[in-house]
$ cat target.txt   # compact mmCIF, C-alpha atoms
# COMPACT_ATOMS: atom_id res chain seq x y z
CA MET A 6 -47.39 -22.36 -17.51
CA THR A 7 -44.77 -22.09 -20.24
CA GLU A 8 -47.02 -19.78 -22.27
CA LYS A 9 -47.44 -17.52 -19.25
CA LYS A 10 -43.66 -17.28 -18.79
CA LYS A 11 -43.23 -16.33 -22.44
CA LYS A 12 -45.80 -13.54 -22.10
CA ASN A 13 -44.08 -12.21 -18.96
CA SER A 14 -40.71 -12.31 -20.70
CA SER A 15 -42.10 -10.42 -23.70
CA ALA A 16 -43.66 -7.80 -21.42
CA ILE A 17 -40.35 -7.31 -19.60
CA GLN A 18 -38.48 -6.91 -22.89
CA ARG A 19 -40.98 -4.31 -24.10
CA ARG A 20 -40.56 -2.33 -20.87
CA LEU A 21 -36.78 -2.38 -21.37
CA ILE A 22 -36.93 -0.90 -24.88
CA PRO A 23 -36.76 2.75 -23.67
CA THR A 24 -33.77 1.82 -21.48
CA TYR A 25 -31.98 0.24 -24.44
CA ILE A 26 -32.67 3.28 -26.61
CA PHE A 27 -31.35 5.61 -23.91
CA LEU A 28 -28.17 3.52 -23.47
CA ILE A 29 -27.58 3.45 -27.24
CA ILE A 30 -27.88 7.25 -27.43
CA VAL A 31 -25.55 7.77 -24.46
CA SER A 32 -23.02 5.30 -25.91
CA PHE A 33 -23.08 7.10 -29.25
CA ILE A 34 -22.53 10.47 -27.56
CA SER A 35 -19.60 9.01 -25.59
CA VAL A 36 -17.91 7.37 -28.58
CA PHE A 37 -18.53 10.13 -31.13
CA PRO A 38 -15.67 12.46 -29.98
CA ILE A 39 -13.17 9.62 -30.48
CA TYR A 40 -14.65 8.81 -33.89
CA TRP A 41 -14.53 12.48 -34.90
CA MET A 42 -10.91 12.76 -33.72
CA ILE A 43 -9.93 9.78 -35.89
CA THR A 44 -11.77 10.99 -38.98
CA ALA A 45 -10.47 14.55 -38.53
CA ALA A 46 -6.91 13.19 -38.58
CA THR A 47 -7.55 11.96 -42.14
CA ASN A 48 -8.88 15.27 -43.49
CA GLN A 49 -7.56 18.69 -44.41
CA SER A 50 -7.88 21.57 -41.98
CA VAL A 51 -10.58 23.19 -44.14
CA ASP A 52 -12.69 20.02 -44.11
CA VAL A 53 -12.39 19.69 -40.34
CA ALA A 54 -13.41 23.31 -39.85
CA ARG A 55 -16.47 22.71 -42.05
CA GLY A 56 -17.53 19.83 -39.81
CA LYS A 57 -16.76 16.89 -42.09
CA ILE A 58 -17.32 13.71 -40.06
CA TRP A 59 -16.35 10.97 -42.52
CA PHE A 60 -12.93 9.67 -43.46
CA GLY A 61 -10.75 11.54 -45.93
CA THR A 62 -7.55 10.89 -47.88
CA TYR A 63 -5.23 13.38 -46.17
CA PHE A 64 -3.85 11.11 -43.44
CA MET A 65 -0.36 10.62 -44.91
CA GLN A 66 0.08 14.34 -45.50
CA ASN A 67 -0.96 15.09 -41.93
CA LEU A 68 1.43 12.41 -40.68
CA ASN A 69 4.28 13.86 -42.73
CA ASN A 70 3.52 17.35 -41.37
CA LEU A 71 3.49 16.01 -37.82
CA LEU A 72 6.80 14.19 -38.27
CA ASN A 73 8.39 17.36 -39.66
CA PHE A 74 6.63 19.84 -37.37
CA SER A 75 9.62 20.38 -35.08
CA LYS A 76 13.08 20.64 -36.59
CA ASP A 77 14.84 20.39 -33.21
CA VAL A 78 13.23 17.21 -31.87
CA SER A 79 11.45 14.31 -33.56
CA LEU A 80 8.00 12.99 -32.80
CA ALA A 81 9.52 9.69 -31.64
CA HIS A 82 11.76 11.53 -29.17
CA THR A 83 8.78 13.51 -27.84
CA MET A 84 6.76 10.29 -27.43
CA TRP A 85 9.71 8.69 -25.65
CA ASN A 86 9.98 11.67 -23.27
CA SER A 87 6.30 11.38 -22.34
CA PHE A 88 6.47 7.61 -21.90
CA PHE A 89 9.70 7.69 -19.89
CA TYR A 90 8.52 10.45 -17.54
CA ALA A 91 5.07 8.88 -17.11
CA ALA A 92 6.39 5.35 -16.52
CA LEU A 93 9.05 6.48 -14.06
CA GLN A 94 6.59 8.66 -12.14
CA THR A 95 4.03 5.85 -12.03
CA VAL A 96 6.49 3.29 -10.62
CA LEU A 97 7.84 5.64 -7.95
CA CYS A 98 4.37 6.93 -7.06
CA LEU A 99 3.03 3.40 -6.61
CA PHE A 100 5.93 2.42 -4.35
CA VAL A 101 5.94 5.54 -2.17
CA CYS A 102 2.15 5.94 -1.85
CA SER A 103 1.48 2.23 -1.26
CA LEU A 104 4.19 2.11 1.40
CA ALA A 105 2.65 5.16 3.07
CA GLY A 106 -0.87 3.74 2.89
CA PHE A 107 0.41 0.41 4.22
CA GLY A 108 2.01 2.13 7.19
CA PHE A 109 -0.86 4.50 7.94
CA GLU A 110 -3.48 1.74 8.07
CA LEU A 111 -1.71 -1.38 9.35
CA TYR A 112 0.53 0.39 11.88
CA HIS A 113 -1.79 3.23 12.77
CA ASP A 114 -2.03 5.05 16.07
CA LYS A 115 -3.38 8.45 17.14
CA ALA A 116 -0.26 10.30 16.00
CA LYS A 117 -0.41 8.74 12.52
CA ASP A 118 -4.14 9.49 12.29
CA ALA A 119 -3.44 13.16 13.10
CA LEU A 120 -0.65 13.24 10.50
CA PHE A 121 -2.97 11.66 7.93
CA ALA A 122 -5.62 14.30 8.64
CA ILE A 123 -3.03 17.02 8.00
CA LEU A 124 -2.03 15.22 4.81
CA LEU A 125 -5.62 15.25 3.59
CA LEU A 126 -5.74 19.01 4.09
CA ALA A 127 -3.06 19.27 1.42
CA MET A 128 -5.65 18.07 -1.11
CA MET A 129 -7.40 21.42 -0.68
CA VAL A 130 -4.31 23.39 -1.76
CA PRO A 131 -4.46 24.12 -5.53
CA GLN A 132 -1.46 23.16 -7.61
CA VAL A 133 -0.87 26.71 -8.84
CA ALA A 134 -0.39 27.87 -5.24
CA THR A 135 2.64 25.59 -4.84
CA MET A 136 4.09 26.05 -8.31
CA ILE A 137 6.29 29.09 -7.57
CA PRO A 138 7.99 27.66 -4.44
CA LEU A 139 8.41 24.30 -6.20
CA PHE A 140 10.00 26.01 -9.20
CA LYS A 141 12.40 27.91 -6.92
CA MET A 142 13.38 24.65 -5.21
CA ILE A 143 13.94 22.83 -8.50
CA SER A 144 15.86 25.79 -9.96
CA SER A 145 18.09 26.16 -6.89
CA MET A 146 18.97 22.45 -7.12
CA LYS A 147 19.79 22.91 -10.85
CA LEU A 148 17.30 20.22 -11.89
CA LEU A 149 15.49 22.08 -14.66
CA ASN A 150 14.90 20.05 -17.86
CA THR A 151 15.45 16.76 -16.05
CA ALA A 152 13.21 13.81 -15.24
CA VAL A 153 13.61 14.59 -11.53
CA ALA A 154 12.03 18.02 -12.03
CA PHE A 155 9.08 16.41 -13.83
CA ILE A 156 8.29 13.64 -11.35
CA LEU A 157 9.43 15.00 -7.96
CA PRO A 158 6.22 16.91 -7.05
CA SER A 159 4.03 13.94 -7.99
CA ILE A 160 5.90 11.02 -6.43
CA SER A 161 3.67 11.25 -3.37
CA THR A 162 0.12 12.59 -3.56
CA PRO A 163 -2.51 12.71 -0.79
CA PHE A 164 -5.13 11.13 -3.03
CA MET A 165 -2.99 8.07 -3.81
CA ILE A 166 -2.00 7.62 -0.17
CA MET A 167 -5.66 7.86 0.86
CA MET A 168 -6.63 5.35 -1.82
CA PHE A 169 -4.06 2.78 -0.63
CA ARG A 170 -4.91 3.39 3.00
CA GLN A 171 -8.64 2.89 2.45
CA ASN A 172 -8.14 -0.28 0.42
CA SER A 173 -5.62 -1.58 2.99
CA ARG A 174 -8.52 -1.92 5.43
CA ASN A 175 -9.52 -5.04 3.50
CA PHE A 176 -6.05 -6.55 3.89
CA PRO A 177 -6.20 -9.68 6.12
CA VAL A 178 -4.21 -8.66 9.20
CA ASP A 179 -4.13 -12.21 10.59
CA ILE A 180 -1.66 -13.37 7.96
CA MET A 181 0.73 -10.60 9.07
CA GLU A 182 0.84 -12.07 12.57
CA ALA A 183 1.43 -15.54 11.14
CA ALA A 184 4.21 -14.18 8.92
CA ARG A 185 5.93 -12.48 11.88
CA MET A 186 5.82 -15.74 13.82
CA ASP A 187 7.52 -17.42 10.86
CA GLY A 188 10.28 -14.81 11.00
CA LEU A 189 9.30 -12.63 8.03
CA SER A 190 10.44 -9.00 8.35
CA GLU A 191 8.11 -6.02 7.95
CA PHE A 192 9.51 -5.20 4.51
CA GLY A 193 9.16 -8.89 3.64
CA ILE A 194 5.48 -8.67 4.59
CA TYR A 195 5.11 -5.62 2.35
CA PHE A 196 6.88 -7.06 -0.70
CA ARG A 197 5.86 -10.71 -0.47
CA MET A 198 2.35 -10.47 0.98
CA TYR A 199 0.90 -6.96 0.76
CA MET A 200 1.81 -6.21 -2.86
CA PRO A 201 0.41 -9.47 -4.36
CA VAL A 202 -2.82 -9.21 -2.35
CA MET A 203 -3.35 -5.55 -3.29
CA LYS A 204 -2.67 -5.99 -7.01
CA SER A 205 -6.10 -4.60 -8.01
CA THR A 206 -5.41 -1.40 -6.09
CA TYR A 207 -1.98 -1.15 -7.72
CA ALA A 208 -3.58 -1.52 -11.16
CA ALA A 209 -6.13 1.23 -10.49
CA ALA A 210 -3.46 3.52 -9.05
CA ALA A 211 -1.18 2.80 -12.02
CA VAL A 212 -3.87 3.83 -14.51
CA ILE A 213 -4.60 7.07 -12.64
CA SER A 214 -0.94 7.95 -12.09
CA PHE A 215 0.09 7.19 -15.67
CA MET A 216 -2.77 9.23 -17.14
CA ASN A 217 -2.00 12.18 -14.88
CA ALA A 218 1.69 12.07 -15.80
CA TRP A 219 1.08 11.55 -19.52
CA ASN A 220 -1.44 14.40 -19.75
CA ALA A 221 0.50 16.81 -17.51
CA TYR A 222 1.10 20.15 -19.20
CA LEU A 223 1.37 23.12 -16.83
CA TRP A 224 4.16 21.87 -14.55
CA PRO A 225 6.30 20.38 -17.39
CA LYS A 226 5.85 23.65 -19.29
CA VAL A 227 7.32 25.50 -16.29
CA VAL A 228 10.35 23.26 -15.65
CA MET A 229 11.01 21.97 -19.18
CA ASN A 230 12.10 25.04 -21.17
CA GLN A 231 14.24 23.15 -23.69
CA THR A 232 12.72 21.71 -26.85
CA LYS A 233 14.51 18.38 -26.43
CA ALA A 234 12.68 17.84 -23.10
CA GLN A 235 9.18 18.53 -24.42
CA THR A 236 6.33 16.06 -23.96
CA MET A 237 3.32 15.27 -26.15
CA PRO A 238 0.92 17.75 -24.47
CA MET A 239 3.54 20.48 -24.99
CA LEU A 240 3.89 19.51 -28.66
CA ILE A 241 0.11 19.68 -29.14
CA ALA A 242 0.04 23.08 -27.45
CA ASN A 243 2.69 24.28 -29.89
CA ILE A 244 0.61 23.02 -32.84
CA ALA A 245 -2.47 24.83 -31.51
CA GLY A 246 -0.53 27.98 -30.69
CA GLY A 247 0.19 29.15 -34.22
CA TYR A 248 -1.46 32.03 -36.05
CA THR A 249 -3.23 29.56 -38.33
CA ILE A 250 -4.15 26.19 -36.87
CA ASP A 251 -3.97 23.07 -39.01
CA TYR A 252 -6.86 21.13 -37.48
CA GLY A 253 -6.05 17.90 -39.29
CA LEU A 254 -2.48 18.02 -37.98
CA LEU A 255 -3.76 18.96 -34.53
CA MET A 256 -6.21 16.06 -34.40
CA LEU A 257 -3.54 13.60 -35.53
CA GLY A 258 -1.30 14.85 -32.71
CA VAL A 259 -4.16 14.44 -30.23
CA LEU A 260 -4.74 10.93 -31.57
CA PHE A 261 -1.07 9.99 -30.98
CA CYS A 262 -1.32 11.48 -27.50
CA THR A 263 -4.53 9.62 -26.66
CA LEU A 264 -3.67 6.11 -27.87
CA PRO A 265 -1.24 5.09 -25.05
CA THR A 266 -3.68 6.01 -22.29
CA LEU A 267 -6.55 4.25 -24.09
CA ILE A 268 -4.48 1.09 -24.48
CA ILE A 269 -3.41 1.06 -20.83
CA PHE A 270 -6.96 1.68 -19.62
CA PHE A 271 -8.49 -1.07 -21.76
CA VAL A 272 -5.79 -3.56 -20.73
CA LEU A 273 -6.26 -2.81 -17.02
CA GLN A 274 -9.94 -1.87 -16.96
CA LYS A 275 -11.03 -4.94 -14.98
CA GLN A 276 -8.36 -4.44 -12.33
CA PHE A 277 -9.09 -0.70 -12.38
CA ALA A 278 -12.75 -1.30 -11.52
CA GLU A 279 -11.81 -3.73 -8.74
CA GLY A 280 -9.24 -1.34 -7.29
CA ILE A 281 -11.58 1.65 -7.32
CA THR A 282 -14.28 -0.32 -5.50
CA GLY A 283 -11.76 -1.49 -2.89
CA SER A 284 -11.64 -5.15 -3.91
CA VAL A 285 -8.71 -7.21 -2.61
CA LYS A 286 -7.58 -10.51 -4.09
$ encode --input "target.txt" --output "structure tokens"
Amino acid sequence: MTEKKKKNSSAIQRRLIPTYIFLIIVSFISVFPIYWMITAATNQSVDVARGKIWFGTYFMQNLNNLLNFSKDVSLAHTMWNSFFYAALQTVLCLFVCSLAGFGFELYHDKAKDALFAILLLAMMVPQVATMIPLFKMISSMKLLNTAVAFILPSISTPFMIMMFRQNSRNFPVDIMEAARMDGLSEFGIYFRMYMPVMKSTYAAAAVISFMNAWNAYLWPKVVMNQTKAQTMPMLIANIAGGYTIDYGLLMLGVLFCTLPTLIIFFVLQKQFAEGITGSVK
């Protein structure tokens, strides 16, 4: 009997060999752009243009060029701008959108359902269609080159509200009734019960919101016309916008821009997967 099990196990492993080979190839294709970005940051522009894919000795020179690329604002200040705007937008977006999703699902009626349907229609409106009126509003309020101008259009998004509303359907409503009987207010239910239970959804929404804010380029380019307010995507665009492009410098800038989002995703990847699938703990 044991010999028969061994034969079956060997047969199963042989059948899985093509699957393993396919997964290895796909993994290599997925990881290679990151590897090439890292190696390109250590080479001269000429070597990168020739397709060199192994490490070089030009990293310190590229780093020095990146640090001295802009005379008006330092790399550290640009990184701080991106982090500050992204973190502030993420916190406000999580609070506003989760509160909206909480209200739409747990206090819903026909009027709220109709309002939510109208809100979903806003997802079909492209960002460029709203950019001119938004810019006029921000300009008339004299908020250009401020954090408010950066984050205001993205504090509340239909996608985030929909995500919180859908995941709120798994929230145990019975404990809300018990909490009301114990004298807990509605905001107390939200802060002390809803937020801890929905932590996986918050983690997933935080990853999405932070990445969107960190990688934002078009809207910040419109409302941030001063060099001191530039973000990392704007700095990279300036590097790539010259008459001659230093590809080693460009790849090092892209590497600096990519690292924060990679770190946040890997730290929160488990909670991200749970939040996307609608898990509630």
$ closest_residue --input "target.txt" --among "A:Val78, A:Ile34, A:Met256, A:Met136" --to "Thr232 of chain A" --atoms "only C-alpha atoms"
A:Val78
$ residues_near_point --input "target.txt" --point "(-8.9, -2.4, -17.0)" --cutoff "12 Å" --atoms "only C-alpha atoms" --output "compact mmCIF listing (two decimals) with C-alpha atoms, in the frame of the given file"
# COMPACT_ATOMS: atom_id res chain seq x y z
CA SER A 205 -6.10 -4.60 -8.01
CA THR A 206 -5.41 -1.40 -6.09
CA TYR A 207 -1.98 -1.15 -7.72
CA ALA A 208 -3.58 -1.52 -11.16
CA ALA A 209 -6.13 1.23 -10.49
CA ALA A 210 -3.46 3.52 -9.05
CA ALA A 211 -1.18 2.80 -12.02
CA VAL A 212 -3.87 3.83 -14.51
CA ILE A 213 -4.60 7.07 -12.64
CA THR A 266 -3.68 6.01 -22.29
CA LEU A 267 -6.55 4.25 -24.09
CA ILE A 268 -4.48 1.09 -24.48
CA ILE A 269 -3.41 1.06 -20.83
CA PHE A 270 -6.96 1.68 -19.62
CA PHE A 271 -8.49 -1.07 -21.76
CA VAL A 272 -5.79 -3.56 -20.73
CA LEU A 273 -6.26 -2.81 -17.02
CA GLN A 274 -9.94 -1.87 -16.96
CA LYS A 275 -11.03 -4.94 -14.98
CA GLN A 276 -8.36 -4.44 -12.33
CA PHE A 277 -9.09 -0.70 -12.38
CA ALA A 278 -12.75 -1.30 -11.52
CA GLU A 279 -11.81 -3.73 -8.74
CA GLY A 280 -9.24 -1.34 -7.29
CA ILE A 281 -11.58 1.65 -7.32
$ residues_around --input "target.txt" --residues "Pro225 of chain A" --least-positions-apart "2" --cutoff "8 Å" --atoms "all atoms listed in the file" --output "ChimeraX atom specification"
/A:155,221-223,227-229,235-236
$ write_last_selection --input "target.txt" --atoms "C-alpha atoms" --output "compact mmCIF listing (two decimals), keeping the file's coordinate frame"
# COMPACT_ATOMS: atom_id res chain seq x y z
CA PHE A 155 9.08 16.41 -13.83
CA ALA A 221 0.50 16.81 -17.51
CA TYR A 222 1.10 20.15 -19.20
CA LEU A 223 1.37 23.12 -16.83
CA VAL A 227 7.32 25.50 -16.29
CA VAL A 228 10.35 23.26 -15.65
CA MET A 229 11.01 21.97 -19.18
CA GLN A 235 9.18 18.53 -24.42
CA THR A 236 6.33 16.06 -23.96
$ atom_distance --input "target.txt" --atom1 "atom CA of Arg174 of chain A" --atom2 "atom CA of Gly108 of chain A"
11.4 Å
$ residues_around --input "target.txt" --residues "segment 159-164 of chain A" --least-positions-apart "6" --cutoff "12 Å" --atoms "all atoms listed in the file" --output "PyMOL selection string"
chain A and resi 90-106+120-130+132+139+152-153+170-171+210+213-215+217-218+221+224-225
$ residues_near_point --input "target.txt" --point "(7.6, -7.3, 7.3)" --cutoff "12 Å" --atoms "all atoms listed in the file" --output "list in words"
Leu104, Phe107, Gly108, Leu111, Tyr112, Ile180, Met181, Glu182, Ala183, Ala184, Arg185, Met186, Asp187, Gly188, Leu189, Ser190, Glu191, Phe192, Gly193, Ile194, Tyr195, Phe196, Arg197, Met198, Tyr199 and Met200 of chain A
$ write_last_selection --input "target.txt" --atoms "C-alpha atoms" --output "CSV table (one decimal), keeping the file's coordinate frame"
chain,number,residue,atom,x,y,z
A,104,LEU,CA,4.2,2.1,1.4
A,107,PHE,CA,0.4,0.4,4.2
A,108,GLY,CA,2.0,2.1,7.2
A,111,LEU,CA,-1.7,-1.4,9.4
A,112,TYR,CA,0.5,0.4,11.9
A,180,ILE,CA,-1.7,-13.4,8.0
A,181,MET,CA,0.7,-10.6,9.1
A,182,GLU,CA,0.8,-12.1,12.6
A,183,ALA,CA,1.4,-15.5,11.1
A,184,ALA,CA,4.2,-14.2,8.9
A,185,ARG,CA,5.9,-12.5,11.9
A,186,MET,CA,5.8,-15.7,13.8
A,187,ASP,CA,7.5,-17.4,10.9
A,188,GLY,CA,10.3,-14.8,11.0
A,189,LEU,CA,9.3,-12.6,8.0
A,190,SER,CA,10.4,-9.0,8.4
A,191,GLU,CA,8.1,-6.0,8.0
A,192,PHE,CA,9.5,-5.2,4.5
A,193,GLY,CA,9.2,-8.9,3.6
A,194,ILE,CA,5.5,-8.7,4.6
A,195,TYR,CA,5.1,-5.6,2.4
A,196,PHE,CA,6.9,-7.1,-0.7
A,197,ARG,CA,5.9,-10.7,-0.5
A,198,MET,CA,2.4,-10.5,1.0
A,199,TYR,CA,0.9,-7.0,0.8
A,200,MET,CA,1.8,-6.2,-2.9
$ closest_residue --input "target.txt" --among "A:Ala234, A:Ile137, A:Ile43, A:Ala154" --to "Val259 of chain A" --atoms "only C-alpha atoms"
A:Ile43
$ decode --input "target.txt" --residues "segment 128-139 of chain A" --atoms "all heavy atoms" --output "PDB file, in the first residue's frame"
ATOM      1  N   MET A 128     -17.869  57.655 -11.229  1.00  0.00           N
ATOM      2  CA  MET A 128     -16.694  56.867 -11.595  1.00  0.00           C
ATOM      3  C   MET A 128     -16.492  56.836 -13.104  1.00  0.00           C
ATOM      4  O   MET A 128     -15.384  56.559 -13.571  1.00  0.00           O
ATOM      5  CB  MET A 128     -16.834  55.436 -11.063  1.00  0.00           C
ATOM      6  CG  MET A 128     -16.866  55.332  -9.554  1.00  0.00           C
ATOM      7  SD  MET A 128     -17.094  53.639  -8.954  1.00  0.00           S
ATOM      8  CE  MET A 128     -15.571  52.878  -9.504  1.00  0.00           C
ATOM      9  N   MET A 129     -17.545  57.128 -13.861  1.00  0.00           N
ATOM     10  CA  MET A 129     -17.445  57.105 -15.312  1.00  0.00           C
ATOM     11  C   MET A 129     -16.918  58.420 -15.879  1.00  0.00           C
ATOM     12  O   MET A 129     -16.613  58.497 -17.067  1.00  0.00           O
ATOM     13  CB  MET A 129     -18.819  56.806 -15.927  1.00  0.00           C
ATOM     14  CG  MET A 129     -19.422  55.499 -15.473  1.00  0.00           C
ATOM     15  SD  MET A 129     -21.031  55.181 -16.219  1.00  0.00           S
ATOM     16  CE  MET A 129     -21.524  53.698 -15.354  1.00  0.00           C
ATOM     17  N   VAL A 130     -16.814  59.449 -15.044  1.00  0.00           N
ATOM     18  CA  VAL A 130     -16.331  60.752 -15.504  1.00  0.00           C
ATOM     19  C   VAL A 130     -14.805  60.751 -15.446  1.00  0.00           C
ATOM     20  O   VAL A 130     -14.227  60.555 -14.375  1.00  0.00           O
ATOM     21  CB  VAL A 130     -16.888  61.899 -14.639  1.00  0.00           C
ATOM     22  CG1 VAL A 130     -16.376  63.243 -15.132  1.00  0.00           C
ATOM     23  CG2 VAL A 130     -18.413  61.870 -14.643  1.00  0.00           C
ATOM     24  N   PRO A 131     -14.103  60.949 -16.553  1.00  0.00           N
ATOM     25  CA  PRO A 131     -12.634  60.953 -16.528  1.00  0.00           C
ATOM     26  C   PRO A 131     -12.088  62.149 -15.749  1.00  0.00           C
ATOM     27  O   PRO A 131     -12.720  63.215 -15.684  1.00  0.00           O
ATOM     28  CB  PRO A 131     -12.257  61.030 -18.012  1.00  0.00           C
ATOM     29  CG  PRO A 131     -13.446  61.623 -18.683  1.00  0.00           C
ATOM     30  CD  PRO A 131     -14.648  61.175 -17.906  1.00  0.00           C
ATOM     31  N   GLN A 132     -10.917  61.946 -15.178  1.00  0.00           N
ATOM     32  CA  GLN A 132     -10.319  62.992 -14.347  1.00  0.00           C
ATOM     33  C   GLN A 132     -10.051  64.267 -15.136  1.00  0.00           C
ATOM     34  O   GLN A 132     -10.244  65.370 -14.615  1.00  0.00           O
ATOM     35  CB  GLN A 132      -9.012  62.482 -13.731  1.00  0.00           C
ATOM     36  CG  GLN A 132      -8.339  63.495 -12.807  1.00  0.00           C
ATOM     37  CD  GLN A 132      -6.974  63.040 -12.336  1.00  0.00           C
ATOM     38  OE1 GLN A 132      -6.413  62.101 -12.899  1.00  0.00           O
ATOM     39  NE2 GLN A 132      -6.426  63.686 -11.346  1.00  0.00           N
ATOM     40  N   VAL A 133      -9.637  64.131 -16.395  1.00  0.00           N
ATOM     41  CA  VAL A 133      -9.305  65.317 -17.187  1.00  0.00           C
ATOM     42  C   VAL A 133     -10.525  66.190 -17.435  1.00  0.00           C
ATOM     43  O   VAL A 133     -10.397  67.391 -17.662  1.00  0.00           O
ATOM     44  CB  VAL A 133      -8.666  64.909 -18.531  1.00  0.00           C
ATOM     45  CG1 VAL A 133      -7.308  64.277 -18.305  1.00  0.00           C
ATOM     46  CG2 VAL A 133      -9.567  63.944 -19.304  1.00  0.00           C
ATOM     47  N   ALA A 134     -11.727  65.598 -17.379  1.00  0.00           N
ATOM     48  CA  ALA A 134     -12.948  66.375 -17.612  1.00  0.00           C
ATOM     49  C   ALA A 134     -13.249  67.312 -16.447  1.00  0.00           C
ATOM     50  O   ALA A 134     -13.913  68.337 -16.619  1.00  0.00           O
ATOM     51  CB  ALA A 134     -14.132  65.445 -17.847  1.00  0.00           C
ATOM     52  N   THR A 135     -12.770  66.967 -15.260  1.00  0.00           N
ATOM     53  CA  THR A 135     -13.015  67.796 -14.072  1.00  0.00           C
ATOM     54  C   THR A 135     -11.824  68.669 -13.705  1.00  0.00           C
ATOM     55  O   THR A 135     -11.917  69.452 -12.751  1.00  0.00           O
ATOM     56  CB  THR A 135     -13.359  66.888 -12.876  1.00  0.00           C
ATOM     57  OG1 THR A 135     -12.234  66.028 -12.597  1.00  0.00           O
ATOM     58  CG2 THR A 135     -14.573  66.035 -13.172  1.00  0.00           C
ATOM     59  N   MET A 136     -10.736  68.550 -14.432  1.00  0.00           N
ATOM     60  CA  MET A 136      -9.510  69.230 -14.026  1.00  0.00           C
ATOM     61  C   MET A 136      -9.613  70.750 -14.146  1.00  0.00           C
ATOM     62  O   MET A 136      -9.172  71.490 -13.261  1.00  0.00           O
ATOM     63  CB  MET A 136      -8.332  68.712 -14.854  1.00  0.00           C
ATOM     64  CG  MET A 136      -6.986  69.105 -14.300  1.00  0.00           C
ATOM     65  SD  MET A 136      -5.672  68.070 -14.944  1.00  0.00           S
ATOM     66  CE  MET A 136      -6.100  66.487 -14.251  1.00  0.00           C
ATOM     67  N   ILE A 137     -10.213  71.237 -15.224  1.00  0.00           N
ATOM     68  CA  ILE A 137     -10.321  72.694 -15.418  1.00  0.00           C
ATOM     69  C   ILE A 137     -11.215  73.336 -14.364  1.00  0.00           C
ATOM     70  O   ILE A 137     -10.811  74.321 -13.719  1.00  0.00           O
ATOM     71  CB  ILE A 137     -10.799  73.013 -16.841  1.00  0.00           C
ATOM     72  CG1 ILE A 137      -9.735  72.605 -17.859  1.00  0.00           C
ATOM     73  CG2 ILE A 137     -11.116  74.499 -16.987  1.00  0.00           C
ATOM     74  CD1 ILE A 137     -10.147  72.797 -19.304  1.00  0.00           C
ATOM     75  N   PRO A 138     -12.440  72.838 -14.125  1.00  0.00           N
ATOM     76  CA  PRO A 138     -13.243  73.448 -13.052  1.00  0.00           C
ATOM     77  C   PRO A 138     -12.598  73.326 -11.678  1.00  0.00           C
ATOM     78  O   PRO A 138     -12.697  74.236 -10.854  1.00  0.00           O
ATOM     79  CB  PRO A 138     -14.578  72.697 -13.119  1.00  0.00           C
ATOM     80  CG  PRO A 138     -14.320  71.484 -13.928  1.00  0.00           C
ATOM     81  CD  PRO A 138     -13.210  71.812 -14.863  1.00  0.00           C
ATOM     82  N   LEU A 139     -11.930  72.192 -11.407  1.00  0.00           N
ATOM     83  CA  LEU A 139     -11.238  72.048 -10.124  1.00  0.00           C
ATOM     84  C   LEU A 139     -10.114  73.076  -9.985  1.00  0.00           C
ATOM     85  O   LEU A 139      -9.929  73.676  -8.919  1.00  0.00           O
ATOM     86  CB  LEU A 139     -10.673  70.632  -9.990  1.00  0.00           C
ATOM     87  CG  LEU A 139     -11.639  69.535  -9.564  1.00  0.00           C
ATOM     88  CD1 LEU A 139     -10.961  68.175  -9.634  1.00  0.00           C
ATOM     89  CD2 LEU A 139     -12.172  69.787  -8.163  1.00  0.00           C
TER      90      LEU A 139
END
